[in-house]
Amino acid sequence: MSARFAGALAGFLALSALFLAMPGYAQFTSPEQGADLSISLSPAHPDAGDTVRLSARSLSLDLSEITLTWHANGKVIAQGDGVDTATVVAGDLGTETKIVVDAIMPVGTVASAQVTIIPTGLDLLVDSDSFVPPFYRGGARVSAGVDLHLQAIPRFKLPTGFFAADADLIYTWRRNGEVIAGVSGRGRSSITIPSPHLFGTDIITLEVRTRDTALSSARSLSLSSTEPILLLYKDHPLFGILYNDALSASTFIPESEMTFAAIPYFAQVQSANDAQLIFDWRVNNTRVAQNAARPSEITINAKNSTGIALLGLELTHATNYYMDAKSSWNINFSESSGVQDQFHSVDQ
Amino acid sequence: MKTKTVIEYILAGVVVLILGGLSGWYFFLRGQSQTSRAGAAARGYGATAPMGNAGNTVFGSGARDTQGSPTQTARPPQLWHVQSKPVAGLAFIGTGKDVRLRYVERATGYVFEADPETGNTLRLSNTLLPKIYEAQLTESGRVIERSLDEVGNITTFIATISTSTPVSDTATSTRSLPGLYLAKNITQIVTNPKSDELFYLVHEGTGVTGVRSQWNGSKQKTIFTSSITHWRLLWLEDGRIILAQAASGGVPGYAYELKADGTLDPLLRATSGLTILPRSAPAGQNASGALLWGESAGSAMALYAQATPNTQAVLLPIKTVADKCVWQSGKELIAYCGVPQTPTIRNFLDDWYRGAIHSSDAFWRVEALAGSAELVYSPAGTSVDVTDPIVDSGGDYVAFINATDRSLWLLRLNK
């Protein structure tokens with residue numbers, strides 16, 4: 001099952017390191033010996049079923065010289081001289097696993113520490129409103145200038161057996177360590193923020209906790225902006241745009257006339273014909289007028305023409321100066337006669 | 001006498017003119033008919049159903065009987081190119097010897113049915129719905145055809161086609177496809193395999209809303225909202241609705257079961273380039289069924305199988321995406337997958353979705369319980385890029401769309 005959740009940085013930790021003589025402290029220090037002992041967990045916020053690595057730490061004791069005994073819910077899970085690590089599998093969501101480690105010397109127990117693991121789940125999903133064509137099955141990549149949509153899906157199981165509702169949880173969103181103004185707070189499980197700059201990378205961190213701070217969790221992810229991708233497809237009169245087959249750099253077209261559609265994947269637009277896009281079409285290095293109604297498309301008639309048509313397109317955005325996509329395609333039409341003539345766009 | 005001769009000449013002239021006119025009209029009509037046939041042929045009409053010798057490895061034609069009358073022919077080859085023109089969707093209808101491959105033609109929205117054993121192909125509908133980008137068909141005869149309007153909005157047409165056995169009589173085998181349009185810009189839609197209910201996502205504000213309704217769009221109930229807009233939907237036979245984030249190579253993806261109260265129960269989480277194919281749980285069991293899923297990042301791909309939620313997932317010895325796989329129904333946890341025969345390059349998953357790259361696939365049989373896979377068919381002399389695979393209830397045939405040209409193919413699993 002761990003493979004199923006591989007890569008997930010999931011979980012919640014309710015860490016209540018208890019001082020045997022002073023309950024409520026995060027770490028135990030024996031008043032008799034002046035020793036300290038603490039437990040750290042990896043992952044720091046375990047999810048249900050996660051294998052958790054437990055590590056004992058002390059500033060005043062040489063743990064390699066001391067016998068350590070680890071207990072999970074009263075059962076010994078590891079024991080021995082210098083055994084300062086152990087592993088335990090976290091239980092189901094909301095269940096408690098009490099971990100105790102005792103440091104034992106010939107004179108007796110010198111220190112002890114305890115943590116309680118209560119696994120919870122927290123997913124952090126990301127999406128963007130960058131453009132993808134209708135019926136596209138893949139994800140919308142993040143590009144500069146688009147909006148990011150982040151959604152947290154927490155699963156905090158309360159002692160009542162019910163899951164905490166979104167509205168009962170406090171969300172704190174950070175970008176590169178700084179709290180994002182205006183989007184954090186109670187019930188703010190979804191936010192929309194600008195994407196990173198072109199080639200930039202932002203670290204988004206989310207902390208979630210119950211109002212009484214009894215349960216909490218955190219996630220972070222790294223987001224980078226990529227450049228939009230410009231692809232060209234045939235817009236067939238019967239079949240429509242053939243999104244299944246992007247034109248390669250050199251393409252043979254078995255017709256003498258064909259309409260082509262340029263698709264700016266991940267651009268900051270709502271459609272391929274968005275008024276914000278500026279299309280600069282060229283046929284054999286000659287600029288051609290664009291189709292006013294459908295500027296993303298061009299129809300080329302190759303009758304009475306010979307050779308290969310070099311179709312070029314430069315695509316820019318009226319307000320997003322990060323966007324400058326260029327591409328060109330060598331298109332070899334059939335049914336060309338021997339008459340020398342320039343290929344021409346029927347949109348001219 | 002002279003007058004009589006003149007009248008005779010005039011009558012003879014009139015007869016000649018009439019005959020000439022009729023002849024001209026005949027040749028004119030013939031020419032028009034030929035033009036019409038040529039135009040139809042250009043769109044893939046008018047030819048007989050594609051046939052080949054059973055011993056052939058591959059047979060490609062793409063022709064079909066547009067008149068609704070089946071033609072008696074020989075058994076198609078093991079890998080049969082059912083339709084060379086683009087198709088929008090496909091489904092197996094019926095069982096045993098009555099199994100048929102039903103599909104929707106992309107250019108016209110016409111519904112066709114092909115007999116995998118005889119090769120007969122029959123057109124079932126005559127309602128023209130041009131440029132169908134995506135179609136779904138159900139065993140009960142439901143048809144969903146999705147296209148774009150003039151300004152680029154997604155349209156969704158739902159209809160029901162008669163489920164009675166097609167007859168050879170032309171006048172009765174081709175039928176209209178009465179239906180209605182649902183709301184525009186439904187980004188994803190699925191049907192309940194048991195009840196024909198619908199579940200679909202529509203854009204609303206900056207997110208999506210998930211609506212459950214009756215087949216005709218009535219009794220709408222919003223059961224899901226999300227600021228994540230790009231999802232893929234599945235509605236399994238066991239009644240579970242699965243939402244999976246649209247995949248992108250190297251990007252952590254999540255998949256959930258949508259509970260009746262609108263909450264999401266995770267199936268897979270934070271899996272890079274996640275593609276997923278859940279299997280319906282066995283009847284009478286509350287537990288989730290088996291899973292196939294793919295991880296993808298760059299040119300690296302891996303496919304995993306998990307027989308039950310409580311068993312360890314197994315890395316399969318094939319590298320492909322779950323979109324190229326299909327579960328076979330029945331007790332055994334068998335799936336069939338199209339697997340690229342050569343190592344994939346670049347960012348395969350995203351490039352494949354964009355149609356910028358195509359694979360040449362062989363068919364593998366996966367046994368989820370054993371975590372094994374074996375080659376069942378490797379096309380010789382042809383290249384197919386498997387997408388949208390389906391398998392019939394008897395496990396005899398796998399049909400799929402070749403992503404390269406959206407043509408329709410059928411593989412007979414037993415020679």
# chains A, B, ... in the order shown; residues from 1 in each chain; ligands from 1
call {"tool": "select_by_dssp", "arguments": {"residues": "range 122-262 of chain A", "states": "strand (DSSP E)", "output": "ChimeraX atom specification"}}
result
/A:122-128,147-155,169-175,178-179,185-186,190-194,201-210,216-224,229-236,240-241,250-253,257-262
call {"tool": "write_last_selection", "arguments": {"atoms": "C-alpha atoms", "output": "compact mmCIF listing (two decimals), in the first residue's frame"}}
result
# COMPACT_ATOMS: atom_id res chain seq x y z
CA LEU A 122 -4.38 16.60 3.46
CA ASP A 123 -4.22 16.83 -0.31
CA LEU A 124 -3.14 19.96 -2.13
CA LEU A 125 -4.37 20.06 -5.71
CA VAL A 126 -3.31 22.58 -8.29
CA ASP A 127 -4.89 23.61 -11.58
CA SER A 128 -4.65 26.62 -13.83
CA ASP A 147 -4.31 32.22 -12.59
CA LEU A 148 -3.58 29.25 -10.36
CA HIS A 149 -6.35 27.41 -8.60
CA LEU A 150 -5.29 25.63 -5.44
CA GLN A 151 -7.64 23.41 -3.51
CA ALA A 152 -7.00 21.68 -0.21
CA ILE A 153 -8.85 18.49 0.56
CA PRO A 154 -8.39 17.78 4.27
CA ARG A 155 -9.47 14.67 6.10
CA LEU A 169 -10.59 24.52 9.78
CA ILE A 170 -8.10 27.38 9.63
CA TYR A 171 -6.05 27.59 6.43
CA THR A 172 -2.81 29.52 6.16
CA TRP A 173 -1.40 29.91 2.65
CA ARG A 174 2.15 30.98 2.00
CA ARG A 175 4.10 31.75 -1.12
CA GLU A 178 5.31 34.79 3.05
CA VAL A 179 1.67 34.60 4.05
CA GLY A 185 -8.43 32.14 7.14
CA ARG A 186 -11.24 29.93 8.31
CA SER A 190 -9.58 27.02 -2.18
CA ILE A 191 -7.69 30.01 -3.46
CA THR A 192 -6.88 31.62 -6.78
CA ILE A 193 -3.55 33.40 -7.12
CA PRO A 194 -1.34 34.58 -9.99
CA THR A 201 9.42 28.85 -9.35
CA ASP A 202 7.25 29.46 -6.31
CA ILE A 203 6.97 27.30 -3.22
CA ILE A 204 3.37 27.23 -2.05
CA THR A 205 2.87 26.08 1.51
CA LEU A 206 -0.41 25.34 3.22
CA GLU A 207 -0.94 24.83 6.92
CA VAL A 208 -4.28 23.58 8.17
CA ARG A 209 -5.40 23.25 11.75
CA THR A 210 -8.48 22.91 13.79
CA SER A 216 -2.91 20.29 12.25
CA SER A 217 -1.13 19.46 9.05
CA ALA A 218 0.91 21.07 6.31
CA ARG A 219 1.77 20.57 2.68
CA SER A 220 3.95 22.35 0.19
CA LEU A 221 4.52 22.16 -3.52
CA SER A 222 6.82 23.73 -6.04
CA LEU A 223 5.27 25.43 -9.04
CA SER A 224 7.03 26.63 -12.16
CA ILE A 229 3.10 25.52 -26.73
CA LEU A 230 1.99 26.37 -30.24
CA LEU A 231 0.72 23.48 -32.34
CA LEU A 232 -0.95 23.34 -35.72
CA TYR A 233 -3.79 21.02 -36.73
CA LYS A 234 -5.85 20.45 -39.81
CA ASP A 235 -9.38 21.85 -39.59
CA HIS A 236 -11.08 19.36 -41.84
CA GLY A 240 -13.46 19.48 -37.64
CA ILE A 241 -10.13 20.21 -36.03
CA SER A 250 7.26 18.71 -42.40
CA THR A 251 3.87 17.50 -43.47
CA PHE A 252 2.29 16.15 -46.63
CA ILE A 253 -1.28 17.21 -47.26
CA GLU A 257 -6.54 23.23 -50.15
CA MET A 258 -6.64 22.94 -46.41
CA THR A 259 -7.53 25.03 -43.41
CA PHE A 260 -5.12 24.92 -40.49
CA ALA A 261 -5.86 25.81 -36.89
CA ALA A 262 -3.20 27.05 -34.49
call {"tool": "closest_atom_pairs", "arguments": {"of": "chain B", "to": "chain A", "cutoff": "7 Å", "atoms": "only C-alpha atoms", "output": "JSON lines"}}
result
{"residue": "B:Arg106", "atom": "CA", "partner": "A:Phe239", "partner_atom": "CA", "distance": 6.1}
{"residue": "B:Ala107", "atom": "CA", "partner": "A:Phe239", "partner_atom": "CA", "distance": 4.8}
{"residue": "B:Lys131", "atom": "CA", "partner": "A:Phe239", "partner_atom": "CA", "distance": 5.0}
{"residue": "B:Ser227", "atom": "CA", "partner": "A:His149", "partner_atom": "CA", "distance": 6.2}
{"residue": "B:Ile228", "atom": "CA", "partner": "A:Asp127", "partner_atom": "CA", "distance": 5.6}
{"residue": "B:His230", "atom": "CA", "partner": "A:Gly139", "partner_atom": "CA", "distance": 6.4}
{"residue": "B:Ala246", "atom": "CA", "partner": "A:Gly139", "partner_atom": "CA", "distance": 4.6}
{"residue": "B:Ala247", "atom": "CA", "partner": "A:Gly139", "partner_atom": "CA", "distance": 5.0}
{"residue": "B:Ser248", "atom": "CA", "partner": "A:Gly139", "partner_atom": "CA", "distance": 5.0}
{"residue": "B:Leu268", "atom": "CA", "partner": "A:Phe5", "partner_atom": "CA", "distance": 6.6}
{"residue": "B:Arg269", "atom": "CA", "partner": "A:Phe5", "partner_atom": "CA", "distance": 6.0}
{"residue": "B:Ala270", "atom": "CA", "partner": "A:Ala8", "partner_atom": "CA", "distance": 5.2}
{"residue": "B:Thr271", "atom": "CA", "partner": "A:Gly7", "partner_atom": "CA", "distance": 6.5}
{"residue": "B:Thr311", "atom": "CA", "partner": "A:Met1", "partner_atom": "CA", "distance": 6.8}
{"residue": "B:Gln312", "atom": "CA", "partner": "A:Met1", "partner_atom": "CA", "distance": 5.1}
{"residue": "B:Ala313", "atom": "CA", "partner": "A:Met1", "partner_atom": "CA", "distance": 6.2}
{"residue": "B:Asp350", "atom": "CA", "partner": "A:Gly138", "partner_atom": "CA", "distance": 6.5}
{"residue": "B:Tyr353", "atom": "CA", "partner": "A:Gly138", "partner_atom": "CA", "distance": 6.0}
{"residue": "B:Arg354", "atom": "CA", "partner": "A:Asn244", "partner_atom": "CA", "distance": 6.6}
{"residue": "B:Gly355", "atom": "CA", "partner": "A:Asn244", "partner_atom": "CA", "distance": 4.4}
{"residue": "B:Ala356", "atom": "CA", "partner": "A:Ala246", "partner_atom": "CA", "distance": 4.9}
{"residue": "B:Ala403", "atom": "CA", "partner": "A:Asn244", "partner_atom": "CA", "distance": 6.1}
{"residue": "B:Thr404", "atom": "CA", "partner": "A:Asp245", "partner_atom": "CA", "distance": 6.1}
{"residue": "B:Asp405", "atom": "CA", "partner": "A:Asn244", "partner_atom": "CA", "distance": 7.0}
call {"tool": "atom_distance", "arguments": {"atom1": "CA of Asp98 in chain B", "atom2": "CA of Trp80 in chain B"}}
result
17.9 Å
call {"tool": "residues_around", "arguments": {"residues": "Val83 in chain A", "least_positions_apart": "6", "cutoff": "12 Å", "atoms": "only C-alpha atoms", "output": "ChimeraX atom specification"}}
result
/A:54-57,62-70,77,101-104
call {"tool": "write_last_selection", "arguments": {"atoms": "N, CA and C atoms", "output": "PDB file, in the first residue's frame"}}
result
ATOM      1  N   LEU A  54      10.857   7.084  13.558  1.00  0.00           N
ATOM      2  CA  LEU A  54      10.961   7.804  14.827  1.00  0.00           C
ATOM      3  C   LEU A  54      12.435   7.943  15.183  1.00  0.00           C
ATOM      4  N   SER A  55      12.808   9.134  15.572  1.00  0.00           N
ATOM      5  CA  SER A  55      14.216   9.353  15.952  1.00  0.00           C
ATOM      6  C   SER A  55      14.267  10.038  17.307  1.00  0.00           C
ATOM      7  N   ALA A  56      15.122   9.505  18.170  1.00  0.00           N
ATOM      8  CA  ALA A  56      15.316  10.117  19.491  1.00  0.00           C
ATOM      9  C   ALA A  56      16.471  11.108  19.420  1.00  0.00           C
ATOM     10  N   ARG A  57      16.301  12.210  20.097  1.00  0.00           N
ATOM     11  CA  ARG A  57      17.335  13.246  20.105  1.00  0.00           C
ATOM     12  C   ARG A  57      17.549  13.712  21.544  1.00  0.00           C
ATOM     13  N   ASP A  62      24.461  11.074  25.598  1.00  0.00           N
ATOM     14  CA  ASP A  62      25.066  10.380  24.464  1.00  0.00           C
ATOM     15  C   ASP A  62      24.247   9.112  24.239  1.00  0.00           C
ATOM     16  N   LEU A  63      23.320   9.189  23.330  1.00  0.00           N
ATOM     17  CA  LEU A  63      22.361   8.096  23.152  1.00  0.00           C
ATOM     18  C   LEU A  63      23.031   6.810  22.690  1.00  0.00           C
ATOM     19  N   SER A  64      24.215   6.926  22.083  1.00  0.00           N
ATOM     20  CA  SER A  64      24.887   5.710  21.612  1.00  0.00           C
ATOM     21  C   SER A  64      25.379   4.848  22.770  1.00  0.00           C
ATOM     22  N   GLU A  65      25.443   5.447  23.939  1.00  0.00           N
ATOM     23  CA  GLU A  65      25.920   4.718  25.105  1.00  0.00           C
ATOM     24  C   GLU A  65      24.777   4.277  26.020  1.00  0.00           C
ATOM     25  N   ILE A  66      23.570   4.515  25.581  1.00  0.00           N
ATOM     26  CA  ILE A  66      22.413   4.299  26.447  1.00  0.00           C
ATOM     27  C   ILE A  66      21.474   3.279  25.805  1.00  0.00           C
ATOM     28  N   THR A  67      20.857   2.487  26.660  1.00  0.00           N
ATOM     29  CA  THR A  67      19.841   1.559  26.165  1.00  0.00           C
ATOM     30  C   THR A  67      18.527   2.310  25.980  1.00  0.00           C
ATOM     31  N   LEU A  68      18.005   2.199  24.758  1.00  0.00           N
ATOM     32  CA  LEU A  68      16.736   2.867  24.442  1.00  0.00           C
ATOM     33  C   LEU A  68      15.668   1.808  24.194  1.00  0.00           C
ATOM     34  N   THR A  69      14.515   2.027  24.768  1.00  0.00           N
ATOM     35  CA  THR A  69      13.388   1.123  24.560  1.00  0.00           C
ATOM     36  C   THR A  69      12.215   1.921  23.989  1.00  0.00           C
ATOM     37  N   TRP A  70      11.729   1.446  22.829  1.00  0.00           N
ATOM     38  CA  TRP A  70      10.618   2.134  22.147  1.00  0.00           C
ATOM     39  C   TRP A  70       9.321   1.336  22.352  1.00  0.00           C
ATOM     40  N   ILE A  77       8.562  -1.958  20.429  1.00  0.00           N
ATOM     41  CA  ILE A  77       8.786  -2.082  18.982  1.00  0.00           C
ATOM     42  C   ILE A  77      10.266  -2.061  18.635  1.00  0.00           C
ATOM     43  N   VAL A 101       9.571   6.530  24.323  1.00  0.00           N
ATOM     44  CA  VAL A 101      10.948   6.040  24.306  1.00  0.00           C
ATOM     45  C   VAL A 101      11.564   6.316  25.673  1.00  0.00           C
ATOM     46  N   ASP A 102      12.192   5.279  26.203  1.00  0.00           N
ATOM     47  CA  ASP A 102      12.849   5.401  27.505  1.00  0.00           C
ATOM     48  C   ASP A 102      14.353   5.248  27.314  1.00  0.00           C
ATOM     49  N   ALA A 103      15.068   6.151  27.957  1.00  0.00           N
ATOM     50  CA  ALA A 103      16.540   6.056  27.976  1.00  0.00           C
ATOM     51  C   ALA A 103      16.941   5.446  29.316  1.00  0.00           C
ATOM     52  N   ILE A 104      17.569   4.290  29.225  1.00  0.00           N
ATOM     53  CA  ILE A 104      17.841   3.529  30.452  1.00  0.00           C
ATOM     54  C   ILE A 104      19.348   3.347  30.631  1.00  0.00           C
TER      55      ILE A 104
END
call {"tool": "residues_around", "arguments": {"residues": "range 315-323 of chain B", "least_positions_apart": "4", "cutoff": "9 Å", "atoms": "only C-alpha atoms", "output": "NGL selection string"}}
result
:B and (274-277 or 292-296 or 300-305 or 337-340 or 343-344 or 349 or 364 or 366 or 368 or 371-374 or 386-389)
call {"tool": "write_last_selection", "arguments": {"atoms": "C-alpha atoms", "output": "PDB file, in the first residue's frame"}}
result
ATOM      1  CA  LEU B 274      -1.441   9.886 -12.866  1.00  0.00           C
ATOM      2  CA  THR B 275      -3.625   7.976 -15.313  1.00  0.00           C
ATOM      3  CA  ILE B 276      -6.083   5.619 -13.701  1.00  0.00           C
ATOM      4  CA  LEU B 277      -8.405   2.787 -14.636  1.00  0.00           C
ATOM      5  CA  LEU B 292      -4.662  -0.052 -12.800  1.00  0.00           C
ATOM      6  CA  TRP B 293      -2.759   3.168 -12.845  1.00  0.00           C
ATOM      7  CA  GLY B 294       0.121   4.742 -14.603  1.00  0.00           C
ATOM      8  CA  GLU B 295       2.834   7.086 -13.453  1.00  0.00           C
ATOM      9  CA  SER B 296       4.474   9.305 -16.002  1.00  0.00           C
ATOM     10  CA  ALA B 300       9.531   7.437 -18.050  1.00  0.00           C
ATOM     11  CA  MET B 301       6.343   5.482 -17.574  1.00  0.00           C
ATOM     12  CA  ALA B 302       5.246   2.784 -15.187  1.00  0.00           C
ATOM     13  CA  LEU B 303       2.021   0.847 -14.854  1.00  0.00           C
ATOM     14  CA  TYR B 304       0.805  -0.598 -11.563  1.00  0.00           C
ATOM     15  CA  ALA B 305      -1.917  -3.067 -10.684  1.00  0.00           C
ATOM     16  CA  CYS B 337      -3.381  -2.803 -22.674  1.00  0.00           C
ATOM     17  CA  GLY B 338      -1.879  -1.221 -25.727  1.00  0.00           C
ATOM     18  CA  VAL B 339       1.825  -0.965 -25.005  1.00  0.00           C
ATOM     19  CA  PRO B 340       4.289   1.082 -27.076  1.00  0.00           C
ATOM     20  CA  PRO B 343      10.716   3.237 -25.811  1.00  0.00           C
ATOM     21  CA  THR B 344       8.783   6.457 -25.532  1.00  0.00           C
ATOM     22  CA  LEU B 349       1.994  11.669 -21.889  1.00  0.00           C
ATOM     23  CA  TRP B 364      -0.698  -7.230 -23.655  1.00  0.00           C
ATOM     24  CA  VAL B 366      -2.498  -8.159 -17.630  1.00  0.00           C
ATOM     25  CA  ALA B 368      -3.727  -8.087 -11.779  1.00  0.00           C
ATOM     26  CA  GLY B 371       0.964  -8.896 -11.263  1.00  0.00           C
ATOM     27  CA  SER B 372       1.983 -10.318 -14.610  1.00  0.00           C
ATOM     28  CA  ALA B 373       1.578  -9.362 -18.237  1.00  0.00           C
ATOM     29  CA  GLU B 374       1.932 -11.353 -21.432  1.00  0.00           C
ATOM     30  CA  VAL B 386      -4.394   2.517 -29.021  1.00  0.00           C
ATOM     31  CA  THR B 387      -6.845   4.821 -27.293  1.00  0.00           C
ATOM     32  CA  ASP B 388     -10.361   4.352 -25.895  1.00  0.00           C
ATOM     33  CA  PRO B 389     -10.102   0.533 -25.810  1.00  0.00           C
TER      34      PRO B 389
END
call {"tool": "residues_around", "arguments": {"residues": "Thr51 in chain A", "least_positions_apart": "2", "cutoff": "8 Å", "atoms": "only C-alpha atoms", "output": "PyMOL selection string"}}
result
chain A and resi 2+46+49+53+87-90
call {"tool": "write_last_selection", "arguments": {"atoms": "N, CA and C atoms", "output": "PDB file, in the first residue's frame"}}
result
ATOM      1  N   SER A   2       2.105   1.142   0.542  1.00  0.00           N
ATOM      2  CA  SER A   2       2.922   2.340   0.564  1.00  0.00           C
ATOM      3  C   SER A   2       3.227   2.818  -0.841  1.00  0.00           C
ATOM      4  N   PRO A  46       2.379  12.408   9.332  1.00  0.00           N
ATOM      5  CA  PRO A  46       2.023  11.111   8.744  1.00  0.00           C
ATOM      6  C   PRO A  46       0.548  10.976   8.415  1.00  0.00           C
ATOM      7  N   GLY A  49      -1.660   4.783   7.555  1.00  0.00           N
ATOM      8  CA  GLY A  49      -0.917   3.708   6.907  1.00  0.00           C
ATOM      9  C   GLY A  49       0.516   4.048   6.567  1.00  0.00           C
ATOM     10  N   ARG A  53       9.139   7.014  10.600  1.00  0.00           N
ATOM     11  CA  ARG A  53      10.460   6.798  11.209  1.00  0.00           C
ATOM     12  C   ARG A  53      10.562   7.697  12.436  1.00  0.00           C
ATOM     13  N   THR A  87      10.672   2.404  13.734  1.00  0.00           N
ATOM     14  CA  THR A  87       9.608   2.703  12.765  1.00  0.00           C
ATOM     15  C   THR A  87       8.297   2.145  13.287  1.00  0.00           C
ATOM     16  N   VAL A  88       7.249   2.820  12.884  1.00  0.00           N
ATOM     17  CA  VAL A  88       5.914   2.383  13.256  1.00  0.00           C
ATOM     18  C   VAL A  88       4.976   2.739  12.107  1.00  0.00           C
ATOM     19  N   VAL A  89       3.991   1.916  11.931  1.00  0.00           N
ATOM     20  CA  VAL A  89       3.000   2.200  10.889  1.00  0.00           C
ATOM     21  C   VAL A  89       1.839   2.957  11.517  1.00  0.00           C
ATOM     22  N   ALA A  90       1.549   4.119  10.959  1.00  0.00           N
ATOM     23  CA  ALA A  90       0.462   4.924  11.498  1.00  0.00           C
ATOM     24  C   ALA A  90      -0.867   4.197  11.297  1.00  0.00           C
TER      25      ALA A  90
END
call {"tool": "select_by_dssp", "arguments": {"residues": "range 38-282 of chain A", "states": "helix (DSSP H, G or I)", "output": "list in words"}}
result
Leu63, Ser64, Glu65, Asp166, Ala167 and Asp168 of chain A
call {"tool": "write_last_selection", "arguments": {"atoms": "N, CA and C atoms", "output": "short mmCIF file (atom, residue, chain, number, x, y, z; two decimals), in the first residue's frame"}}
result
data_model
loop_
_atom_site.label_atom_id
_atom_site.label_comp_id
_atom_site.auth_asym_id
_atom_site.auth_seq_id
_atom_site.Cartn_x
_atom_site.Cartn_y
_atom_site.Cartn_z
N LEU A 63 23.32 9.19 23.33
CA LEU A 63 22.36 8.10 23.15
C LEU A 63 23.03 6.81 22.69
N SER A 64 24.22 6.93 22.08
CA SER A 64 24.89 5.71 21.61
C SER A 64 25.38 4.85 22.77
N GLU A 65 25.44 5.45 23.94
CA GLU A 65 25.92 4.72 25.11
C GLU A 65 24.78 4.28 26.02
N ASP A 166 -14.84 21.89 6.25
CA ASP A 166 -13.96 22.96 5.77
C ASP A 166 -14.09 24.21 6.63
N ALA A 167 -15.33 24.54 6.93
CA ALA A 167 -15.59 25.78 7.64
C ALA A 167 -15.04 25.76 9.06
N ASP A 168 -14.70 24.59 9.55
CA ASP A 168 -14.19 24.50 10.92
C ASP A 168 -12.67 24.46 10.97
#
call {"tool": "closest_atom_pairs", "arguments": {"of": "range 244-282 of chain A", "to": "range 320-326 of chain A", "cutoff": "9 Å", "atoms": "only C-alpha atoms", "output": "Markdown table"}}
result
| residue | atom | partner | partner_atom | distance |
| --- | --- | --- | --- | --- |
| A:Pro264 | CA | A:Ala325 | CA | 8.3 |
| A:Ala267 | CA | A:Met323 | CA | 7.6 |
| A:Gln268 | CA | A:Asn320 | CA | 7.7 |
| A:Gln276 | CA | A:Asn320 | CA | 8.8 |
call {"tool": "write_last_selection", "arguments": {"atoms": "C-alpha atoms", "output": "compact mmCIF listing (two decimals), in the first residue's frame"}}
result
# COMPACT_ATOMS: atom_id res chain seq x y z
CA PRO A 264 -1.83 27.96 -28.20
CA ALA A 267 -1.71 30.56 -23.13
CA GLN A 268 -3.44 33.21 -21.04
CA GLN A 276 -5.96 39.29 -26.81
call {"tool": "residues_around", "arguments": {"residues": "Gly262 in chain B", "least_positions_apart": "5", "cutoff": "10 Å", "atoms": "only C-alpha atoms", "output": "short mmCIF file (atom, residue, chain, number, x, y, z; two decimals) with N, CA and C atoms, in the first residue's frame"}}
result
data_model
loop_
_atom_site.label_atom_id
_atom_site.label_comp_id
_atom_site.auth_asym_id
_atom_site.auth_seq_id
_atom_site.Cartn_x
_atom_site.Cartn_y
_atom_site.Cartn_z
N GLY B 210 -20.56 19.82 -10.35
CA GLY B 210 -20.93 18.46 -10.77
C GLY B 210 -22.42 18.25 -10.57
N THR B 222 -27.04 19.29 -7.85
CA THR B 222 -25.60 19.57 -7.74
C THR B 222 -25.03 18.79 -6.55
N ILE B 223 -24.07 17.94 -6.84
CA ILE B 223 -23.50 17.13 -5.76
C ILE B 223 -22.00 17.35 -5.59
N PHE B 224 -21.45 18.27 -6.38
CA PHE B 224 -20.00 18.45 -6.31
C PHE B 224 -19.63 19.83 -6.83
N THR B 225 -18.74 20.49 -6.14
CA THR B 225 -18.16 21.73 -6.65
C THR B 225 -16.66 21.69 -6.39
N GLU B 257 -13.00 8.86 -5.25
CA GLU B 257 -14.37 8.40 -5.42
C GLU B 257 -15.28 9.49 -4.87
#
call {"tool": "residues_around", "arguments": {"residues": "Leu158 in chain A", "least_positions_apart": "5", "cutoff": "9 Å", "atoms": "only C-alpha atoms", "output": "list in words"}}
result
Gly94, Phe163, Ala164 and Leu215 of chain A
call {"tool": "atom_distance", "arguments": {"atom1": "CA of Ala260 in chain B", "atom2": "CA of Val202 in chain B"}}
result
18.5 Å
call {"tool": "closest_residue", "arguments": {"among": "B:Ser288, B:Ala283, B:Ala362, B:Asn120", "to": "Tyr256 in chain B", "atoms": "only C-alpha atoms"}}
result
B:Ser288
